[in-house]
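Below is my_file-v3.tsv, which holds TSV, C-alpha atoms.
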chain	number	residue	atom	x	y	z
A	1	MET	CA	0.00	0.00	0.00
A	2	ALA	CA	2.88	2.38	0.73
A	3	HIS	CA	4.49	1.31	-2.52
A	4	ILE	CA	6.32	4.33	-4.01
A	5	HIS	CA	4.31	5.09	-7.15
A	6	LEU	CA	6.82	7.24	-8.97
A	7	PRO	CA	8.29	6.63	-12.42
A	8	ASP	CA	11.86	5.44	-13.00
A	9	GLY	CA	14.18	8.42	-12.99
A	10	SER	CA	12.45	10.15	-10.08
A	11	PHE	CA	15.44	9.28	-7.90
A	12	THR	CA	18.98	9.98	-9.02
A	13	LEU	CA	21.03	6.95	-10.05
A	14	PHE	CA	23.04	7.32	-6.84
A	15	TRP	CA	19.96	7.03	-4.60
A	16	ALA	CA	18.35	4.29	-6.65
A	17	LEU	CA	21.60	2.30	-6.17
A	18	VAL	CA	21.79	3.12	-2.45
A	19	TRP	CA	18.27	1.72	-1.85
A	20	TRP	CA	18.97	-1.29	-4.05
A	21	ILE	CA	22.14	-2.06	-2.06
A	22	CYS	CA	20.29	-1.64	1.27
A	23	ALA	CA	17.50	-3.93	0.04
A	24	LEU	CA	19.98	-6.55	-1.21
A	25	ALA	CA	21.78	-6.41	2.15
A	26	LEU	CA	18.44	-7.01	3.88
A	27	ILE	CA	17.63	-9.88	1.52
A	28	GLY	CA	21.12	-11.32	2.11
A	29	VAL	CA	20.62	-11.28	5.88
A	30	ALA	CA	17.16	-12.82	5.49
A	31	LEU	CA	18.57	-15.58	3.25
A	32	VAL	CA	21.36	-16.42	5.71
A	33	TRP	CA	18.86	-16.43	8.58
A	34	ALA	CA	16.37	-18.59	6.66
A	35	ARG	CA	19.13	-21.05	5.78
A	36	ARG	CA	20.32	-21.31	9.37
A	37	ARG	CA	16.92	-22.05	10.88
A	38	ARG	CA	15.88	-24.36	8.01
A	39	SER	CA	12.30	-23.54	7.07
A	40	GLY	CA	9.98	-26.57	6.94
A	41	THR	CA	7.69	-27.48	4.05
A	42	ARG	CA	4.72	-25.99	5.90
A	43	GLU	CA	6.42	-22.59	6.11
A	44	ILE	CA	7.47	-22.79	2.46
A	45	THR	CA	3.89	-23.64	1.45
A	46	VAL	CA	2.46	-20.74	3.45
A	47	ALA	CA	5.11	-18.46	1.92
A	48	ALA	CA	4.14	-19.63	-1.59
A	49	PHE	CA	0.45	-18.98	-0.95
A	50	VAL	CA	0.93	-15.50	0.51
A	51	THR	CA	3.31	-14.62	-2.34
A	52	ALA	CA	0.67	-15.58	-4.90
A	53	ALA	CA	-2.10	-13.82	-2.97
A	54	SER	CA	-0.04	-10.66	-2.50
A	55	PHE	CA	0.98	-10.54	-6.17
A	56	ALA	CA	-2.61	-11.14	-7.30
A	57	VAL	CA	-4.04	-8.37	-5.09
A	58	PHE	CA	-1.13	-5.97	-5.61
A	59	GLN	CA	-1.93	-5.43	-9.31
A	60	VAL	CA	-5.65	-4.80	-8.86
A	61	GLU	CA	-6.62	-1.17	-8.57
A	62	ILE	CA	-9.74	-0.79	-6.44
A	63	PRO	CA	-12.10	2.17	-6.95
A	64	LEU	CA	-11.54	3.82	-3.59
A	65	PHE	CA	-10.12	7.33	-3.07
A	66	GLY	CA	-9.62	7.62	-6.83
A	67	GLY	CA	-7.86	4.29	-7.25
A	68	VAL	CA	-5.64	2.42	-4.79
A	69	HIS	CA	-4.45	-1.14	-4.27
A	70	LEU	CA	-3.86	-3.46	-1.35
A	71	ASN	CA	-0.52	-5.17	-0.64
A	72	LEU	CA	-1.34	-7.76	2.03
A	73	THR	CA	2.14	-7.10	3.48
A	74	PRO	CA	0.84	-7.23	7.10
A	75	LEU	CA	-0.74	-10.62	6.34
A	76	ILE	CA	2.61	-11.76	4.93
A	77	GLY	CA	4.29	-10.69	8.18
A	78	ILE	CA	1.71	-12.42	10.39
A	79	LEU	CA	1.72	-15.71	8.47
A	80	ALA	CA	5.27	-16.00	7.13
A	81	GLY	CA	7.27	-13.96	9.66
A	82	PRO	CA	9.81	-11.21	9.06
A	83	VAL	CA	12.52	-13.37	7.48
A	84	LEU	CA	10.51	-15.16	4.81
A	85	GLY	CA	8.31	-12.04	4.60
A	86	SER	CA	11.25	-9.90	3.44
A	87	LEU	CA	12.04	-12.44	0.74
A	88	ILE	CA	8.38	-12.52	-0.32
A	89	VAL	CA	8.09	-8.75	-0.74
A	90	PHE	CA	11.29	-8.78	-2.79
A	91	ILE	CA	9.81	-11.40	-5.13
A	92	VAL	CA	6.45	-9.59	-5.36
A	93	ASN	CA	8.17	-6.29	-6.20
A	94	ILE	CA	10.29	-7.95	-8.91
A	95	LEU	CA	7.23	-9.66	-10.43
A	96	SER	CA	5.22	-6.43	-10.26
A	97	ALA	CA	7.95	-4.49	-12.06
A	98	ALA	CA	8.02	-7.28	-14.66
A	99	THR	CA	4.34	-6.68	-15.42
A	100	GLY	CA	4.95	-2.93	-15.68
A	101	HIS	CA	3.61	-1.96	-12.27
A	102	GLY	CA	6.39	0.01	-10.57
A	103	GLY	CA	9.81	1.03	-11.80
A	104	TRP	CA	12.87	-1.25	-11.67
A	105	GLY	CA	14.94	1.53	-10.16
A	106	LEU	CA	12.51	1.84	-7.26
A	107	ILE	CA	12.43	-1.84	-6.32
A	108	GLY	CA	15.15	-1.37	-3.69
A	109	ALA	CA	13.27	1.45	-1.99
A	110	ASN	CA	9.95	-0.38	-2.25
A	111	VAL	CA	11.40	-3.57	-0.76
A	112	LEU	CA	12.57	-1.56	2.24
A	113	VAL	CA	9.15	0.10	2.58
A	114	ASN	CA	7.27	-3.21	2.31
A	115	SER	CA	9.72	-5.02	4.61
A	116	SER	CA	9.08	-2.42	7.31
A	117	GLU	CA	5.35	-3.18	6.95
A	118	VAL	CA	5.99	-6.92	7.24
A	119	MET	CA	8.25	-6.60	10.30
A	120	THR	CA	6.08	-4.09	12.17
A	121	ALA	CA	2.89	-6.11	11.59
A	122	TRP	CA	4.62	-9.33	12.70
A	123	LEU	CA	5.95	-7.64	15.84
A	124	LEU	CA	2.63	-5.98	16.73
A	125	PHE	CA	0.59	-9.12	16.10
A	126	ARG	CA	2.75	-11.06	18.54
A	127	ALA	CA	3.00	-8.27	21.12
A	128	LEU	CA	-0.78	-7.74	21.12
A	129	GLY	CA	-1.27	-11.36	22.14
A	130	ARG	CA	-0.55	-10.23	25.69
A	131	VAL	CA	-3.15	-7.45	25.51
A	132	THR	CA	-6.13	-9.00	23.75
A	133	PRO	CA	-6.97	-12.57	22.67
A	134	GLY	CA	-9.07	-11.61	19.65
A	135	LEU	CA	-7.29	-12.62	16.44
A	136	PHE	CA	-9.34	-10.19	14.35
A	137	THR	CA	-8.42	-7.17	16.47
A	138	ARG	CA	-4.78	-8.23	16.83
A	139	ALA	CA	-4.45	-8.63	13.06
A	140	GLY	CA	-6.39	-5.43	12.37
A	141	ILE	CA	-4.31	-3.28	14.72
A	142	ALA	CA	-1.10	-4.93	13.48
A	143	THR	CA	-2.16	-4.04	9.93
A	144	PHE	CA	-2.66	-0.38	10.85
A	145	GLY	CA	0.72	-0.31	12.58
A	146	GLY	CA	2.49	-2.07	9.74
A	147	LEU	CA	1.04	0.12	7.02
A	148	PHE	CA	1.69	3.28	9.01
A	149	SER	CA	5.35	2.31	9.43
A	150	GLY	CA	5.51	1.63	5.68
A	151	ASN	CA	4.18	5.10	4.97
A	152	ILE	CA	6.73	6.65	7.32
A	153	ALA	CA	9.50	4.70	5.60
A	154	MET	CA	8.19	5.81	2.20
A	155	VAL	CA	8.18	9.50	3.22
A	156	ALA	CA	11.66	9.20	4.76
A	157	ILE	CA	13.11	7.55	1.64
A	158	ILE	CA	11.63	10.20	-0.67
A	159	LEU	CA	12.80	13.07	1.54
A	160	VAL	CA	16.30	11.66	1.88
A	161	SER	CA	16.62	10.88	-1.85
A	162	GLY	CA	14.98	14.02	-3.19
A	163	ILE	CA	13.16	14.02	-6.51
A	164	GLN	CA	14.91	14.85	-9.77
A	165	GLY	CA	13.51	17.74	-11.77
A	166	VAL	CA	11.26	19.33	-9.18
A	167	THR	CA	11.54	22.80	-7.72
A	168	GLN	CA	9.63	22.08	-4.53
A	169	SER	CA	11.45	22.39	-1.21
A	170	SER	CA	11.67	19.47	1.24
A	171	VAL	CA	9.05	21.16	3.42
A	172	GLN	CA	6.61	21.38	0.49
A	173	ILE	CA	7.27	17.76	-0.44
A	174	LEU	CA	6.73	16.74	3.19
A	175	ALA	CA	3.42	18.60	3.25
A	176	GLY	CA	2.29	16.90	0.03
A	177	LEU	CA	3.38	13.48	1.23
A	178	SER	CA	1.64	13.97	4.60
A	179	LEU	CA	-1.68	14.38	2.79
A	180	LEU	CA	-0.83	11.33	0.69
A	181	VAL	CA	-0.13	9.29	3.84
A	182	ALA	CA	-3.45	10.40	5.33
A	183	VAL	CA	-5.33	9.21	2.22
A	184	ASN	CA	-3.24	6.00	2.11
A	185	MET	CA	-4.20	5.20	5.70
A	186	GLY	CA	-7.86	5.27	4.64
A	187	VAL	CA	-7.05	2.27	2.47
A	188	ALA	CA	-5.45	0.68	5.53
A	189	VAL	CA	-8.98	0.41	6.97
A	190	VAL	CA	-9.95	-1.91	4.11
A	191	GLU	CA	-6.72	-3.86	4.45
A	192	ALA	CA	-7.16	-4.12	8.25
A	193	PHE	CA	-10.61	-5.67	7.84
A	194	VAL	CA	-9.44	-8.03	5.07
A	195	THR	CA	-6.40	-9.14	7.11
A	196	GLY	CA	-8.46	-9.41	10.30
A	197	PHE	CA	-11.06	-11.67	8.70
A	198	ILE	CA	-8.44	-13.87	6.99
A	199	VAL	CA	-6.41	-14.30	10.20
A	200	GLU	CA	-9.53	-15.02	12.27
A	201	TYR	CA	-10.67	-17.60	9.71
A	202	ILE	CA	-7.24	-19.27	9.71
A	203	GLY	CA	-7.31	-19.21	13.51
A	204	LYS	CA	-10.55	-21.22	13.43
A	205	VAL	CA	-9.73	-23.78	10.75
A	206	LYS	CA	-5.95	-24.19	11.08
A	207	PRO	CA	-4.57	-22.26	14.09
A	208	ASP	CA	-1.13	-23.86	13.84
A	209	LEU	CA	-0.51	-21.79	10.69
A	210	LEU	CA	-0.47	-18.67	12.84
A	211	GLU	CA	2.50	-20.02	14.77
A	212	GLY	CA	4.50	-20.26	11.57
A	213	GLY	CA	5.54	-16.64	11.54
A	214	ARG	CA	8.71	-17.06	13.55
A	215	PRO	CA	11.68	-14.72	13.20
B	1	MET	CA	-7.73	-13.60	28.88
B	2	THR	CA	-11.27	-12.50	29.66
B	3	ALA	CA	-14.18	-11.11	27.68
B	4	LEU	CA	-13.08	-7.70	28.96
B	5	ASP	CA	-9.69	-8.12	27.29
B	6	ARG	CA	-11.43	-9.09	24.05
B	7	ARG	CA	-13.71	-6.06	24.28
B	8	ARG	CA	-10.75	-3.81	25.05
B	9	GLY	CA	-9.08	-4.93	21.84
B	10	LEU	CA	-12.23	-4.34	19.80
B	11	ILE	CA	-12.69	-0.85	21.30
B	12	LEU	CA	-9.09	0.05	20.47
B	13	PHE	CA	-9.51	-1.24	16.93
B	14	GLY	CA	-12.79	0.66	16.53
B	15	LEU	CA	-11.22	3.91	17.77
B	16	ILE	CA	-8.34	3.54	15.30
B	17	VAL	CA	-10.78	2.89	12.45
B	18	VAL	CA	-12.90	5.95	13.28
B	19	ALA	CA	-9.86	8.24	13.65
B	20	VAL	CA	-8.25	7.00	10.44
B	21	VAL	CA	-11.47	7.29	8.42
B	22	ILE	CA	-12.01	10.90	9.56
B	23	ILE	CA	-8.40	11.94	8.86
B	24	SER	CA	-8.39	10.19	5.48
B	25	PHE	CA	-11.68	11.70	4.43
B	26	VAL	CA	-10.47	15.22	5.30
B	27	ALA	CA	-7.21	14.63	3.38
B	28	TYR	CA	-9.15	13.22	0.43
B	29	ARG	CA	-11.44	16.28	0.36
B	30	MET	CA	-8.36	18.53	0.41
B	31	THR	CA	-6.60	16.76	-2.46
B	32	GLY	CA	-9.61	15.72	-4.56
B	33	PRO	CA	-10.23	12.54	-6.55
B	34	MET	CA	-7.22	11.26	-8.52
B	35	GLY	CA	-5.43	8.01	-9.29
B	36	ILE	CA	-2.59	6.81	-7.10
B	37	GLU	CA	0.20	7.70	-9.58
B	38	GLU	CA	-1.27	11.16	-10.03
B	39	ARG	CA	-1.53	11.56	-6.26
B	40	TYR	CA	2.15	10.67	-5.82
B	41	SER	CA	3.26	12.97	-8.63
B	42	GLN	CA	1.26	15.87	-7.24
B	43	ALA	CA	2.62	15.26	-3.73
B	44	VAL	CA	6.25	15.57	-4.82
B	45	GLY	CA	5.72	18.23	-7.50
B	46	LEU	CA	6.17	16.12	-10.64
B	47	PRO	CA	3.95	16.71	-13.69
B	48	SER	CA	0.82	14.57	-13.68
B	49	PRO	CA	1.36	11.30	-15.57
B	50	GLY	CA	-2.15	11.50	-17.02
B	51	GLU	CA	-4.92	9.12	-16.18
B	52	GLU	CA	-5.18	5.79	-17.92
B	53	SER	CA	-8.48	4.80	-19.50
B	54	GLY	CA	-11.05	3.75	-16.96
B	55	SER	CA	-11.35	0.20	-18.24
B	56	GLY	CA	-12.04	-2.65	-15.86
B	57	TRP	CA	-14.91	-4.25	-14.04
B	58	PHE	CA	-17.04	-2.04	-11.80
B	59	GLY	CA	-14.13	0.35	-11.34
B	60	PHE	CA	-11.62	-2.43	-10.60
B	61	SER	CA	-8.74	-2.50	-13.08
B	62	LEU	CA	-5.37	-4.17	-13.53
B	63	GLU	CA	-2.09	-2.27	-13.29
B	64	GLY	CA	0.62	-3.40	-15.68
B	65	ASN	CA	0.39	-5.92	-18.51
B	66	PRO	CA	-2.69	-8.20	-18.10
B	67	LEU	CA	-1.14	-11.06	-20.12
B	68	LEU	CA	2.03	-11.13	-18.00
B	69	TYR	CA	-0.14	-10.84	-14.90
B	70	GLY	CA	-2.06	-13.94	-15.95
B	71	VAL	CA	1.07	-15.91	-16.85
B	72	ILE	CA	2.84	-15.08	-13.57
B	73	LEU	CA	-0.28	-15.87	-11.57
B	74	VAL	CA	-0.58	-19.30	-13.24
B	75	VAL	CA	3.11	-20.03	-12.51
B	76	LEU	CA	2.69	-18.94	-8.88
B	77	GLY	CA	-0.45	-21.08	-8.63
B	78	GLY	CA	1.52	-24.08	-9.93
B	79	ILE	CA	4.26	-23.48	-7.34
B	80	CYS	CA	1.59	-23.31	-4.60
B	81	VAL	CA	0.10	-26.65	-5.72
B	82	ILE	CA	3.53	-28.34	-5.76
B	83	ALA	CA	4.43	-26.91	-2.33
B	84	TYR	CA	1.05	-27.98	-0.91
B	85	ILE	CA	1.37	-31.56	-2.25
B	86	ARG	CA	4.88	-31.86	-0.77
B	87	TRP	CA	3.68	-30.57	2.58
B	88	ARG	CA	0.69	-32.96	2.69
B	89	ARG	CA	2.93	-35.89	1.76
B	90	GLU	CA	5.34	-34.99	4.53
B	91	GLU	CA	2.50	-34.68	7.03
B	92	LEU	CA	1.09	-38.09	6.09
B	93	ARG	CA	4.50	-39.75	6.45
Here is a file; write its structure as structure tokens.
Amino acid sequence: MAHIHLPDGSFTLFWALVWWICALALIGVALVWARRRRSGTREITVAAFVTAASFAVFQVEIPLFGGVHLNLTPLIGILAGPVLGSLIVFIVNILSAATGHGGWGLIGANVLVNSSEVMTAWLLFRALGRVTPGLFTRAGIATFGGLFSGNIAMVAIILVSGIQGVTQSSVQILAGLSLLVAVNMGVAVVEAFVTGFIVEYIGKVKPDLLEGGRP
Amino acid sequence: MTALDRRRGLILFGLIVVAVVIISFVAYRMTGPMGIEERYSQAVGLPSPGEESGSGWFGFSLEGNPLLYGVILVVLGGICVIAYIRWRREELR
């Protein structure tokens, strides 16, 4: 949801490379971690399903607030965990760019944005287990938290990188992006309900899947 | 965990929903209706990319190439089936 929807060339080559290197470092750490703890076939299967679901939903523009799309990144975090989740968002971003949705130069930045959503949602979902037992509310609040952190990461990346060919100051860009974040969070309501219902359903029919999201 | 804990969670979730909906609606009224790419471009001061045709079903439309979308989705579906069969086999063993 906090996917940076700017065309290739919006960031300078230097910053596009910086975010790509940061994302590859993150993916490298996730790969080493995943290899060390040896993911089972159940985790791999869940990862495959959430990858397919996320990719499928990611490309569909829904007629809300002029046209937005869901990511399901908080659901990825809750079901697959932060390690496999980071790998999943990398794959989804690559596949999306392959279909023409999102620029190749922005994949690094978008992987970082989406990974922050995955990690925050995973962390909140687990932490909220001590506060409330309801799976729907835990997943819903974790979704809000995850997507908000993604929006913050998105704003930070754009402000740090700057945009090529614009005359606006950082303060003006921050003001514009703040309104964008506010509208984006409206979509988080839809995503919170979708994630909440899915997690509650999984909790009823196959609760052991919710334990799969380990670090 | 008691029913009170469950209710506390629901109340917190409800409050977040109400607050977010109000803030989003105000922001949406301030910026006006526009597509997501246009919204991003306007936010950072880039020229508007221009809206794509409003094709789709009931306002829902696909971003990117629909053929590639279908092909990738079929491949991902195949991977899911293979992974699921392997998992079930392992569970039955």
For this session: Dump as a VMD selection string the residues of chain A that approach chain B to within 8 Å, counting only C-alpha atoms.
Result: chain A and resid 4 to 6 41 to 42 44 to 45 48 to 49 51 to 52 55 to 56 59 to 63 65 to 68 95 to 96 98 to 101 131 to 134 137 to 138 140 to 141 163 165 to 168 172 to 173 175 to 177 179 to 180 182 to 186 189
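In this structure, atom CA of A:Leu70 sits 10.3 Å away from atom CA of A:Leu147.
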Quick one: residues within 8 Å of (8.9, 5.2, -13.5) (file frame), counting all atoms listed in the file, please, as a PDB file with C-alpha atoms, in the frame of the given file.
ATOM      1  CA  HIS A   5       4.310   5.090  -7.150  1.00  0.00           C
ATOM      2  CA  LEU A   6       6.820   7.240  -8.970  1.00  0.00           C
ATOM      3  CA  PRO A   7       8.290   6.630 -12.420  1.00  0.00           C
ATOM      4  CA  ASP A   8      11.860   5.440 -13.000  1.00  0.00           C
ATOM      5  CA  GLY A   9      14.180   8.420 -12.990  1.00  0.00           C
ATOM      6  CA  SER A  10      12.450  10.150 -10.080  1.00  0.00           C
ATOM      7  CA  GLY A 102       6.390   0.010 -10.570  1.00  0.00           C
ATOM      8  CA  GLY A 103       9.810   1.030 -11.800  1.00  0.00           C
ATOM      9  CA  TRP A 104      12.870  -1.250 -11.670  1.00  0.00           C
ATOM     10  CA  GLY A 105      14.940   1.530 -10.160  1.00  0.00           C
ATOM     11  CA  LEU A 106      12.510   1.840  -7.260  1.00  0.00           C
TER      12      LEU A 106
END
For this session: Pick out the residues sitting within 12 Å of A:Ala142, and hand them over as a PyMOL selection string; count only C-alpha atoms, and ignore anything fewer than 6 positions along from it in its own chain.
Result: (chain A and resi 72-78+117-129+135-136+148-149+188-189+191-193+195-196+199) or (chain B and resi 9+12-13+16)
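Atom CA of A:Val187 is positioned 28.5 Å from atom CA of A:Glu43.
Atom pair atom CA of A:Trp20 / atom CA of A:Trp33: separated by 19.7 Å.
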